>>> print(open('run_28.txt').read())   # compact mmCIF, C-alpha atoms (C1' of nucleotides)
# COMPACT_ATOMS: atom_id res chain seq x y z
CA MET O 1 -4.70 77.85 11.96
CA GLY O 2 -3.82 74.36 10.90
CA ARG O 3 -3.17 71.42 13.17
CA PRO O 4 -1.45 72.42 16.43
CA ARG O 5 1.83 70.90 17.64
CA GLU O 6 1.36 67.94 19.90
CA PHE O 7 4.50 68.73 21.86
CA LYS O 8 6.05 71.73 23.58
CA ASP O 9 9.30 72.75 21.92
CA ASP O 10 11.08 73.30 25.22
CA VAL O 11 10.07 69.92 26.58
CA VAL O 12 11.45 67.90 23.67
CA LEU O 13 14.41 70.28 23.46
CA ASP O 14 15.27 69.48 27.06
CA ARG O 15 15.32 65.80 26.17
CA ALA O 16 17.45 66.39 23.09
CA MET O 17 19.81 68.52 25.17
CA ARG O 18 20.32 65.68 27.63
CA VAL O 19 21.08 63.21 24.86
CA PHE O 20 23.65 65.48 23.22
CA TRP O 21 25.04 66.34 26.63
CA THR O 22 25.71 62.71 27.53
CA ARG O 23 26.63 61.26 24.13
CA GLY O 24 28.02 64.17 22.16
CA TYR O 25 26.93 65.28 18.72
CA GLU O 26 28.32 62.72 16.30
CA ALA O 27 27.67 59.67 18.46
CA THR O 28 24.00 60.61 18.70
CA SER O 29 21.86 59.37 15.81
CA VAL O 30 18.59 60.89 14.70
CA GLN O 31 16.97 57.56 15.56
CA HIS O 32 18.31 57.89 19.09
CA LEU O 33 16.97 61.42 19.29
CA VAL O 34 13.43 60.67 18.12
CA THR O 35 13.23 57.76 20.55
CA ARG O 36 14.28 59.86 23.53
CA MET O 37 12.38 62.97 22.48
CA GLY O 38 9.18 61.02 21.98
CA ILE O 39 8.36 62.55 18.62
CA GLN O 40 8.63 61.31 15.03
CA ARG O 41 11.35 62.07 12.53
CA GLY O 42 9.10 64.29 10.46
CA SER O 43 8.19 66.40 13.48
CA LEU O 44 11.83 66.78 14.43
CA TYR O 45 12.80 68.00 10.97
CA GLY O 46 9.71 70.18 10.78
CA ALA O 47 10.45 71.88 14.07
CA PHE O 48 14.25 72.15 14.04
CA GLY O 49 15.33 71.94 10.41
CA ASP O 50 18.02 69.30 10.67
CA LYS O 51 20.28 67.60 13.20
CA ARG O 52 22.64 70.57 13.29
CA GLY O 53 19.75 72.93 13.86
CA LEU O 54 18.48 70.80 16.71
CA PHE O 55 21.93 70.72 18.24
CA VAL O 56 22.32 74.49 18.12
CA ALA O 57 18.84 74.85 19.59
CA ALA O 58 19.86 72.42 22.34
CA ILE O 59 22.93 74.51 23.19
CA ASP O 60 20.70 77.54 23.27
CA ARG O 61 18.38 75.77 25.64
CA TYR O 62 21.34 74.75 27.79
CA ASP O 63 22.37 78.38 27.88
CA ARG O 64 18.93 79.48 29.02
CA VAL O 65 18.55 76.76 31.64
CA VAL O 66 21.93 75.69 33.01
CA THR O 67 24.29 78.55 32.24
CA ALA O 68 21.67 81.08 33.30
CA LYS O 69 21.56 79.49 36.73
CA LEU O 70 25.33 79.78 37.07
CA LEU O 71 25.31 83.38 35.87
CA ALA O 72 22.55 84.16 38.32
CA ALA O 73 24.78 82.84 41.10
CA LEU O 74 27.39 85.30 39.91
CA GLU O 75 25.01 88.21 40.40
CA ALA O 76 23.31 86.95 43.55
CA GLU O 77 25.88 88.22 46.02
CA ALA O 78 26.74 91.82 46.76
CA SER O 79 30.35 90.80 47.31
CA GLY O 80 32.07 89.98 44.02
CA LYS O 81 34.31 87.46 45.69
CA ALA O 82 31.40 85.71 47.36
CA ALA O 83 29.63 85.62 44.01
CA ILE O 84 32.55 83.89 42.32
CA ARG O 85 32.78 81.46 45.19
CA ARG O 86 29.07 80.74 44.86
CA PHE O 87 29.47 80.17 41.11
CA PHE O 88 32.09 77.46 41.54
CA ARG O 89 30.38 75.82 44.50
CA LEU O 90 27.21 75.57 42.42
CA LYS O 91 29.20 74.20 39.51
CA VAL O 92 30.56 71.41 41.70
CA GLU O 93 27.09 70.57 43.00
CA LEU O 94 25.66 70.46 39.49
CA ALA O 95 28.57 68.33 38.32
CA LEU O 96 27.94 65.77 41.05
CA ALA O 97 24.13 65.86 41.08
CA PRO O 98 22.87 62.31 40.51
CA GLY O 99 20.91 61.66 37.33
CA ARG O 100 22.52 64.61 35.62
CA PRO O 101 24.94 64.25 32.72
CA ARG O 102 28.55 64.85 33.68
CA GLY O 103 30.55 67.76 32.41
CA CYS O 104 29.19 70.68 30.43
CA LEU O 105 27.47 70.70 27.06
CA VAL O 106 29.22 73.91 26.04
CA THR O 107 32.65 72.57 26.90
CA ASN O 108 31.95 69.34 25.05
CA SER O 109 30.69 71.23 22.03
CA ALA O 110 33.73 73.51 22.08
CA THR O 111 36.08 70.56 21.79
CA GLU O 112 33.99 68.34 19.53
CA LEU O 113 32.36 70.65 17.00
CA ALA O 114 33.31 74.31 17.34
CA ALA O 115 36.36 73.85 15.11
CA HIS O 116 34.33 72.54 12.16
CA ASP O 117 30.89 74.08 12.47
CA ARG O 118 30.39 77.84 12.36
CA ARG O 119 26.98 77.90 13.96
CA THR O 120 28.21 75.82 16.89
CA ALA O 121 31.36 77.90 17.16
CA SER O 122 29.45 81.16 17.37
CA LYS O 123 26.98 79.78 19.89
CA VAL O 124 29.78 78.43 22.05
CA GLY O 125 31.72 81.66 21.68
CA SER O 126 28.80 83.78 22.76
CA VAL O 127 28.06 81.64 25.80
CA LEU O 128 31.70 81.76 26.89
CA ALA O 129 31.72 85.51 26.31
CA LYS O 130 28.67 85.85 28.53
CA ILE O 131 30.35 83.88 31.30
CA GLU O 132 33.51 85.93 30.97
CA ALA O 133 31.48 89.14 31.14
CA GLY O 134 29.80 87.89 34.31
CA PHE O 135 33.16 87.15 35.91
CA HIS O 136 34.43 90.52 34.78
CA ARG O 137 31.59 92.33 36.52
CA ALA O 138 32.12 90.30 39.69
CA VAL O 139 35.85 91.01 39.70
CA VAL O 140 35.33 94.74 39.21
CA ARG O 141 32.78 94.70 42.01
CA ALA O 142 35.26 92.92 44.24
CA GLN O 143 37.97 95.41 43.38
CA LYS O 144 35.73 98.34 44.21
CA ALA O 145 35.00 96.75 47.57
CA GLY O 146 38.70 96.25 48.18
CA GLU O 147 38.43 92.45 48.12
CA ILE O 148 40.81 92.13 45.19
CA ASP O 149 43.90 94.21 44.49
CA ARG O 150 42.96 97.03 42.10
CA ALA O 151 46.26 96.62 40.27
CA ARG O 152 45.25 93.27 38.85
CA SER O 153 43.70 93.07 35.40
CA PRO O 154 40.00 92.25 35.65
CA ARG O 155 40.07 91.06 32.06
CA ALA O 156 42.87 88.59 32.75
CA LEU O 157 41.13 87.38 35.89
CA ALA O 158 37.83 86.98 34.05
CA ARG O 159 39.54 84.98 31.32
CA PHE O 160 41.29 82.85 33.89
CA LEU O 161 38.05 82.12 35.70
CA THR O 162 36.32 81.21 32.44
CA SER O 163 39.16 78.87 31.56
CA SER O 164 39.04 77.39 35.06
CA ALA O 165 35.35 76.65 34.68
CA GLN O 166 36.12 74.82 31.43
CA GLY O 167 38.88 72.83 33.07
CA LEU O 168 36.59 71.93 35.94
CA SER O 169 34.02 70.61 33.46
CA VAL O 170 36.61 68.38 31.82
CA MET O 171 37.75 67.06 35.19
CA ALA O 172 34.15 66.53 36.29
CA LYS O 173 33.60 64.32 33.27
CA THR O 174 36.75 62.28 33.87
CA PHE O 175 36.91 62.20 37.67
CA PRO O 176 33.43 62.92 39.03
CA GLU O 177 34.59 62.88 42.65
CA ARG O 178 33.82 65.58 45.16
CA ALA O 179 37.27 65.53 46.72
CA VAL O 180 38.96 66.20 43.39
CA LEU O 181 36.63 68.99 42.33
CA GLU O 182 36.75 70.70 45.71
CA ASP O 183 40.53 70.64 45.73
CA ILE O 184 40.50 72.36 42.37
CA VAL O 185 37.92 74.96 43.34
CA LYS O 186 39.83 75.76 46.51
CA GLU O 187 42.89 76.69 44.48
CA ILE O 188 40.92 78.56 41.81
CA LEU O 189 39.51 80.77 44.54
CA ALA O 190 42.96 81.18 46.05
CA VAL O 191 43.95 83.16 42.97
CA LEU O 192 41.66 85.94 44.10
CA ASP O 193 43.48 86.45 47.42
CA MET X 1 59.36 35.68 6.86
CA GLY X 2 56.28 36.70 4.94
CA ARG X 3 55.80 39.92 3.05
CA PRO X 4 57.25 42.87 4.99
CA ARG X 5 55.19 45.89 6.06
CA GLU X 6 55.42 48.75 3.63
CA PHE X 7 54.92 51.37 6.33
CA LYS X 8 56.31 52.27 9.73
CA ASP X 9 53.70 52.01 12.48
CA ASP X 10 54.74 55.25 14.12
CA VAL X 11 54.64 57.18 10.86
CA VAL X 12 51.06 56.24 9.98
CA LEU X 13 50.10 56.53 13.64
CA ASP X 14 51.32 60.12 13.66
CA ARG X 15 49.05 60.84 10.73
CA ALA X 16 46.08 59.12 12.34
CA MET X 17 46.77 61.05 15.53
CA ARG X 18 46.57 64.34 13.66
CA VAL X 19 43.29 63.41 12.03
CA PHE X 20 41.67 62.39 15.31
CA TRP X 21 43.17 65.46 16.96
CA THR X 22 41.58 67.85 14.48
CA ARG X 23 38.28 66.11 13.72
CA GLY X 24 37.54 64.04 16.81
CA TYR X 25 36.72 60.35 16.92
CA GLU X 26 33.19 60.01 15.61
CA ALA X 27 33.49 62.62 12.87
CA THR X 28 36.50 60.80 11.44
CA SER X 29 35.61 57.99 9.04
CA VAL X 30 37.82 55.03 8.26
CA GLN X 31 37.85 56.27 4.67
CA HIS X 32 39.22 59.58 5.90
CA LEU X 33 41.86 57.75 7.91
CA VAL X 34 43.16 55.49 5.16
CA THR X 35 43.37 58.46 2.80
CA ARG X 36 45.44 60.52 5.21
CA MET X 37 47.49 57.61 6.51
CA GLY X 38 48.38 56.49 3.01
CA ILE X 39 47.59 52.84 3.63
CA GLN X 40 44.73 50.53 2.68
CA ARG X 41 41.79 49.52 4.80
CA GLY X 42 43.06 45.98 5.15
CA SER X 43 46.44 47.17 6.38
CA LEU X 44 44.80 49.44 8.93
CA TYR X 45 42.70 46.62 10.34
CA GLY X 46 45.63 44.24 10.21
CA ALA X 47 47.89 46.58 12.15
CA PHE X 48 45.51 48.19 14.64
CA GLY X 49 42.52 45.85 14.99
CA ASP X 50 39.69 48.29 14.47
CA LYS X 51 38.90 52.01 14.57
CA ARG X 52 38.76 52.02 18.36
CA GLY X 53 42.10 50.25 18.57
CA LEU X 54 43.66 52.76 16.21
CA PHE X 55 42.24 55.60 18.29
CA VAL X 56 43.66 54.26 21.52
CA ALA X 57 46.99 53.71 19.79
CA ALA X 58 46.85 57.31 18.58
CA ILE X 59 46.28 58.60 22.11
CA ASP X 60 49.20 56.48 23.22
CA ARG X 61 51.32 58.01 20.51
CA TYR X 62 50.16 61.47 21.56
CA ASP X 63 51.22 60.64 25.07
CA ARG X 64 54.68 59.55 23.95
CA VAL X 65 55.23 62.54 21.64
CA VAL X 66 53.31 65.58 22.88
CA THR X 67 52.61 64.96 26.54
CA ALA X 68 56.12 63.66 27.05
CA LYS X 69 57.51 66.98 25.85
CA LEU X 70 55.36 68.86 28.34
CA LEU X 71 56.31 66.52 31.16
CA ALA X 72 59.96 66.93 30.25
CA ALA X 73 59.53 70.69 30.63
CA LEU X 74 58.22 70.01 34.09
CA GLU X 75 61.43 68.20 35.03
CA ALA X 76 63.83 70.42 33.14
CA GLU X 77 64.21 73.10 35.80
CA ALA X 78 65.72 72.72 39.24
CA SER X 79 63.20 75.21 40.56
CA GLY X 80 59.74 73.69 40.79
CA LYS X 81 58.09 76.99 40.19
CA ALA X 82 60.19 77.68 37.10
CA ALA X 83 59.33 74.20 35.86
CA ILE X 84 55.61 74.85 36.14
CA ARG X 85 56.05 78.19 34.43
CA ARG X 86 57.94 76.47 31.64
CA PHE X 87 55.19 73.86 31.28
CA PHE X 88 52.48 76.45 30.68
CA ARG X 89 54.61 78.64 28.46
CA LEU X 90 55.36 75.62 26.29
CA LYS X 91 51.67 74.71 26.27
CA VAL X 92 50.81 78.15 24.91
CA GLU X 93 53.48 77.93 22.23
CA LEU X 94 52.29 74.49 21.14
CA ALA X 95 48.70 75.69 21.12
CA LEU X 96 49.55 78.57 18.80
CA ALA X 97 52.12 76.83 16.60
CA PRO X 98 50.98 77.14 12.98
CA GLY X 99 50.09 73.93 11.16
CA ARG X 100 49.34 72.18 14.42
CA PRO X 101 45.88 71.08 15.47
CA ARG X 102 44.34 73.29 18.14
CA GLY X 103 43.65 72.07 21.62
CA CYS X 104 44.69 68.75 23.06
CA LEU X 105 43.82 65.24 21.93
CA VAL X 106 43.53 64.00 25.50
CA THR X 107 41.16 66.79 26.50
CA ASN X 108 39.04 66.21 23.42
CA SER X 109 38.96 62.48 24.07
CA ALA X 110 38.02 63.04 27.69
CA THR X 111 34.94 65.01 26.72
CA GLU X 112 33.96 63.08 23.61
CA LEU X 113 34.61 59.44 24.40
CA ALA X 114 35.83 58.76 27.92
CA ALA X 115 32.29 58.53 29.26
CA HIS X 116 31.29 55.72 26.89
CA ASP X 117 34.46 53.81 26.09
CA ARG X 118 36.43 52.08 28.79
CA ARG X 119 39.67 51.78 26.90
CA THR X 120 39.66 55.47 26.08
CA ALA X 121 38.67 56.35 29.63
CA SER X 122 41.56 54.40 31.13
CA LYS X 123 44.05 55.82 28.65
CA VAL X 124 42.87 59.35 29.32
CA GLY X 125 42.83 58.72 33.05
CA SER X 126 46.39 57.43 33.06
CA VAL X 127 47.71 60.36 31.01
CA LEU X 128 46.01 62.85 33.32
CA ALA X 129 47.37 60.98 36.32
CA LYS X 130 50.86 61.25 34.86
CA ILE X 131 50.48 64.98 34.39
CA GLU X 132 49.15 65.38 37.90
CA ALA X 133 52.06 63.37 39.27
CA GLY X 134 54.48 65.63 37.39
CA PHE X 135 52.87 68.72 38.86
CA HIS X 136 52.92 67.14 42.29
CA ARG X 137 56.66 66.53 42.11
CA ALA X 138 57.26 70.09 40.92
CA VAL X 139 55.12 71.54 43.71
CA VAL X 140 56.91 69.49 46.38
CA ARG X 141 60.23 70.58 44.94
CA ALA X 142 59.09 74.19 45.07
CA GLN X 143 57.95 73.80 48.64
CA LYS X 144 61.26 72.33 49.69
CA ALA X 145 63.01 75.31 48.12
CA GLY X 146 60.70 77.68 49.94
CA GLU X 147 59.10 78.94 46.73
CA ILE X 148 55.64 77.81 47.77
CA ASP X 149 54.16 77.89 51.25
CA ARG X 150 54.62 74.47 52.86
CA ALA X 151 51.18 74.68 54.42
CA ARG X 152 49.44 74.34 51.09
CA SER X 153 48.35 70.95 49.86
CA PRO X 154 50.55 69.74 47.01
CA ARG X 155 47.83 67.34 45.95
CA ALA X 156 45.25 70.11 45.66
CA LEU X 157 47.71 72.29 43.79
CA ALA X 158 48.61 69.46 41.42
CA ARG X 159 44.94 68.80 40.73
CA PHE X 160 44.33 72.47 40.17
CA LEU X 161 47.22 72.72 37.72
CA THR X 162 46.00 69.66 35.83
CA SER X 163 42.54 71.14 35.63
CA SER X 164 44.01 74.45 34.50
CA ALA X 165 45.87 72.72 31.69
CA GLN X 166 42.59 71.17 30.53
CA GLY X 167 40.84 74.51 30.65
CA LEU X 168 43.65 76.09 28.68
CA SER X 169 43.25 73.42 26.00
CA VAL X 170 39.55 74.15 25.69
CA MET X 171 40.18 77.87 25.44
CA ALA X 172 42.97 77.31 22.91
CA LYS X 173 40.53 75.46 20.70
CA THR X 174 37.86 78.16 20.94
CA PHE X 175 39.97 81.33 21.12
CA PRO X 176 43.41 80.55 19.69
CA GLU X 177 44.79 84.01 20.49
CA ARG X 178 48.02 84.66 22.30
CA ALA X 179 46.64 87.53 24.36
CA VAL X 180 43.87 85.36 25.78
CA LEU X 181 46.05 82.38 26.60
CA GLU X 182 48.77 84.50 28.18
CA ASP X 183 46.26 86.27 30.38
CA ILE X 184 45.07 82.90 31.60
CA VAL X 185 48.56 81.52 32.20
CA LYS X 186 49.55 84.64 34.11
CA GLU X 187 46.74 84.04 36.59
CA ILE X 188 47.31 80.30 36.81
CA LEU X 189 50.89 80.99 37.85
CA ALA X 190 49.70 83.63 40.30
CA VAL X 191 48.17 80.85 42.37
CA LEU X 192 51.64 79.69 43.28
CA ASP X 193 52.65 83.00 44.87
C1' DA Y 1 -20.11 71.58 6.23
C1' DT Y 2 -16.27 72.39 3.51
C1' DA Y 3 -11.86 74.31 2.18
C1' DT Y 4 -7.46 75.24 3.88
C1' DT Y 5 -3.53 74.80 6.56
C1' DT Y 6 -0.39 72.49 9.54
C1' DC Y 7 1.22 68.49 11.92
C1' DT Y 8 1.89 63.45 12.41
C1' DT Y 9 3.10 59.09 10.81
C1' DG Y 10 5.91 55.48 9.04
C1' DA Y 11 7.73 53.84 4.98
C1' DC Y 12 11.41 54.97 2.10
C1' DC Y 13 15.78 57.02 -0.07
C1' DG Y 14 20.67 56.96 -1.61
C1' DA Y 15 24.96 57.49 0.72
C1' DC Y 16 28.18 56.21 3.68
C1' DC Y 17 29.43 53.64 7.82
C1' DG Y 18 32.92 50.14 9.92
C1' DT Y 19 34.42 45.77 8.71
C1' DT Y 20 35.64 41.53 6.00
C1' DC Y 21 37.69 38.75 2.55
C1' DA Y 22 39.57 36.47 -1.57
C1' DG Y 23 43.24 36.85 -4.48
C1' DA Y 24 47.66 39.01 -6.00
C1' DA Y 25 52.21 40.20 -4.39
C1' DA Y 26 56.51 39.97 -1.77
C1' DC Y 27 59.25 38.02 1.29
C1' DT Y 28 61.93 33.54 3.82
C1' DG Y 29 63.47 28.84 4.48
C1' DG Y 30 64.44 24.66 2.24
C1' DC J 1 62.35 27.08 -7.60
C1' DC J 2 58.85 25.89 -4.70
C1' DA J 3 56.13 25.85 -0.33
C1' DG J 4 54.85 28.62 3.40
C1' DT J 5 53.75 32.95 5.42
C1' DT J 6 52.55 37.62 5.78
C1' DT J 7 50.98 41.86 3.65
C1' DC J 8 48.68 44.50 0.15
C1' DT J 9 44.75 45.55 -2.66
C1' DG J 10 40.23 46.76 -3.83
C1' DA J 11 35.79 45.06 -4.22
C1' DA J 12 32.08 43.76 -1.49
C1' DC J 13 29.16 43.19 2.85
C1' DG J 14 25.03 44.24 5.76
C1' DG J 15 23.73 47.92 8.57
C1' DT J 16 22.82 52.41 9.78
C1' DC J 17 23.20 57.12 8.74
C1' DG J 18 20.71 61.83 7.98
C1' DG J 19 16.99 63.31 5.48
C1' DT J 20 12.46 63.16 2.56
C1' DC J 21 7.78 62.47 1.33
C1' DA J 22 2.96 61.08 0.50
C1' DA J 23 -1.05 60.29 2.90
C1' DG J 24 -3.98 60.73 6.84
C1' DA J 25 -5.41 63.43 10.97
C1' DA J 26 -6.69 67.57 13.45
C1' DA J 27 -7.21 72.04 13.88
C1' DT J 28 -9.19 76.93 11.90
C1' DA J 29 -11.72 80.02 8.60
C1' DT J 30 -15.54 80.77 5.95
>>> encode(input="run_28.txt", output="structure tokens")
Amino acid sequence: MGRPREFKDDVVLDRAMRVFWTRGYEATSVQHLVTRMGIQRGSLYGAFGDKRGLFVAAIDRYDRVVTAKLLAALEAEASGKAAIRRFFRLKVELALAPGRPRGCLVTNSATELAAHDRRTASKVGSVLAKIEAGFHRAVVRAQKAGEIDRARSPRALARFLTSSAQGLSVMAKTFPERAVLEDIVKEILAVLD
Amino acid sequence: MGRPREFKDDVVLDRAMRVFWTRGYEATSVQHLVTRMGIQRGSLYGAFGDKRGLFVAAIDRYDRVVTAKLLAALEAEASGKAAIRRFFRLKVELALAPGRPRGCLVTNSATELAAHDRRTASKVGSVLAKIEAGFHRAVVRAQKAGEIDRARSPRALARFLTSSAQGLSVMAKTFPERAVLEDIVKEILAVLD
DNA sequence: ATATTTCTTGACCGACCGTTCAGAAACTGG
DNA sequence: CCAGTTTCTGAACGGTCGGTCAAGAAATAT
């Protein structure tokens, strides 16, 4: 009962996500947000609490939309090695896709806000943990198939791959050139041999 | 002639650098800066132009103090491979050193500001280029000594190592634990074998 | 049809933002 | 000791910040 929302949460959240993704948290004003989201201030505060709340919700949305696609790539191949390769190839394509913000919202949030804001820190931490877990599964799968030496620590490899994905996001934001990113991915994948 | 400065530029710049390093650019107010730098607003504007100018000067200072130390590690060993190992070991130690801001000012600046501000972007770009050049020299040295297969591209390896250093900085900010960082470094160095 | 609930709207709030500036203070050259 | 120059000091500037709120609009329940 009562008057229904005139907007879909996910639709305006997608727009907010893009704004935060391109401009960062602090550089984005509420005025900027309401303009791009196409709703009024009151609606924003009614639906998401405050700017921080909207930001955390935007990271969550990013997790469900963007990160989920990358994690899916990690599970899509029977071969663990092929899955990891697919993950990084997809990451490069996403990083270079026209009309898409550069870099990664989670990486940006980790460096800009995670140190000061608990809610952001825990969201970022859980997303990174999810990625690491995905890599871990892929590595174990690859080891079982004999693609990767069983003597190597899957935990260390998973952490390395997670870190590499972060590094790639930083580089994608600074040097969004295919040649650069492909050079990097080539050597990341070389670690697995 | 005229009244002399009551502060040393590098001293107050070091303090500004630390503030930006821990809090980022946008989240740091000029009020915050003058408090921590121990000078007045007027002096700040007189010496550094504006907030942006101070920020760029702080990155420059970071380059001369922190990055220079890492680059020196890269030149300190005759063996290219040992030099790269030393670089990453030092990076881990710096990342975990108590009383020091986590992560890396250049990495933070790359994700927070480089996309919007040209001056920051060119400063960040030149620092990263310097690091990449250092890695490149070390890789070539290692190849000449037979430590690394000559068939591998030193440019790709240098780019990979630069990217890895960025990733490590992100991870250091989110998970400042020795075990995590050492796992990552172990696998980064494994690429060279 | 009316009461009730929720959402929308746009004006409004005090606080703080980055920046400026006039005047006092501290130096140098004559 | 004074004129000239630079720096220091702290108050002040307009603008924008994140956030609130009262009133109207649109739905449901009775």
>>> interface_residues(input="run_28.txt", of="chain X", to="chain O", cutoff="7 Å", atoms="all atoms listed in the file", output="list of chain:residue names")
X:Gly24, X:Glu26, X:Ala27, X:Asn108, X:Ala110, X:Thr111, X:Glu112, X:Ala114, X:Ala156, X:Leu157, X:Arg159, X:Phe160, X:Ser163, X:Ser164, X:Gln166, X:Gly167, X:Leu168, X:Val170, X:Met171, X:Lys173, X:Thr174, X:Asp183, X:Ile184, X:Glu187, X:Ala190, X:Val191
>>> interface_residues(input="run_28.txt", of="chain X", to="chain J", cutoff="7 Å", atoms="all atoms listed in the file", output="PyMOL selection string")
chain X and resi 1-5
>>> closest_residue(input="run_28.txt", among="O:Ala76, O:Val56, O:Val12, O:Val66", to="O:Gln40", atoms="all atoms listed in the file")
O:Val12
>>> atom_distance(input="run_28.txt", atom1="atom CA of O:Ser79", atom2="atom CA of O:Val140")
10.3 Å
>>> atom_distance(input="run_28.txt", atom1="atom CA of O:Gly80", atom2="atom CA of O:Ala138")
4.3 Å
>>> closest_residue(input="run_28.txt", among="Y:DT5, Y:DC17, Y:DG23, Y:DT28", to="chain O", atoms="all atoms listed in the file")
Y:DT5
>>> residues_around(input="run_28.txt", residues="X:Leu44", least_positions_apart="6", cutoff="12 Å", atoms="all atoms listed in the file", output="ChimeraX atom specification")
/X:5-9,12-13,16,30-38,50-55,57 /Y:18-19 /J:7-8
>>> residues_near_point(input="run_28.txt", point="(29.6, 84.0, 39.8)", cutoff="7 Å", atoms="only C-alpha atoms (C1' of nucleotides)", output="VMD selection string")
chain O and resid 70 to 71 73 to 75 83 to 87 134 to 135 138
>>> atom_distance(input="run_28.txt", atom1="atom CA of O:Asp117", atom2="atom CA of O:Ala129")
18.0 Å
>>> interface_residues(input="run_28.txt", of="chain Y", to="chain O", cutoff="10 Å", atoms="all atoms listed in the file", output="ChimeraX atom specification")
/Y:4-10
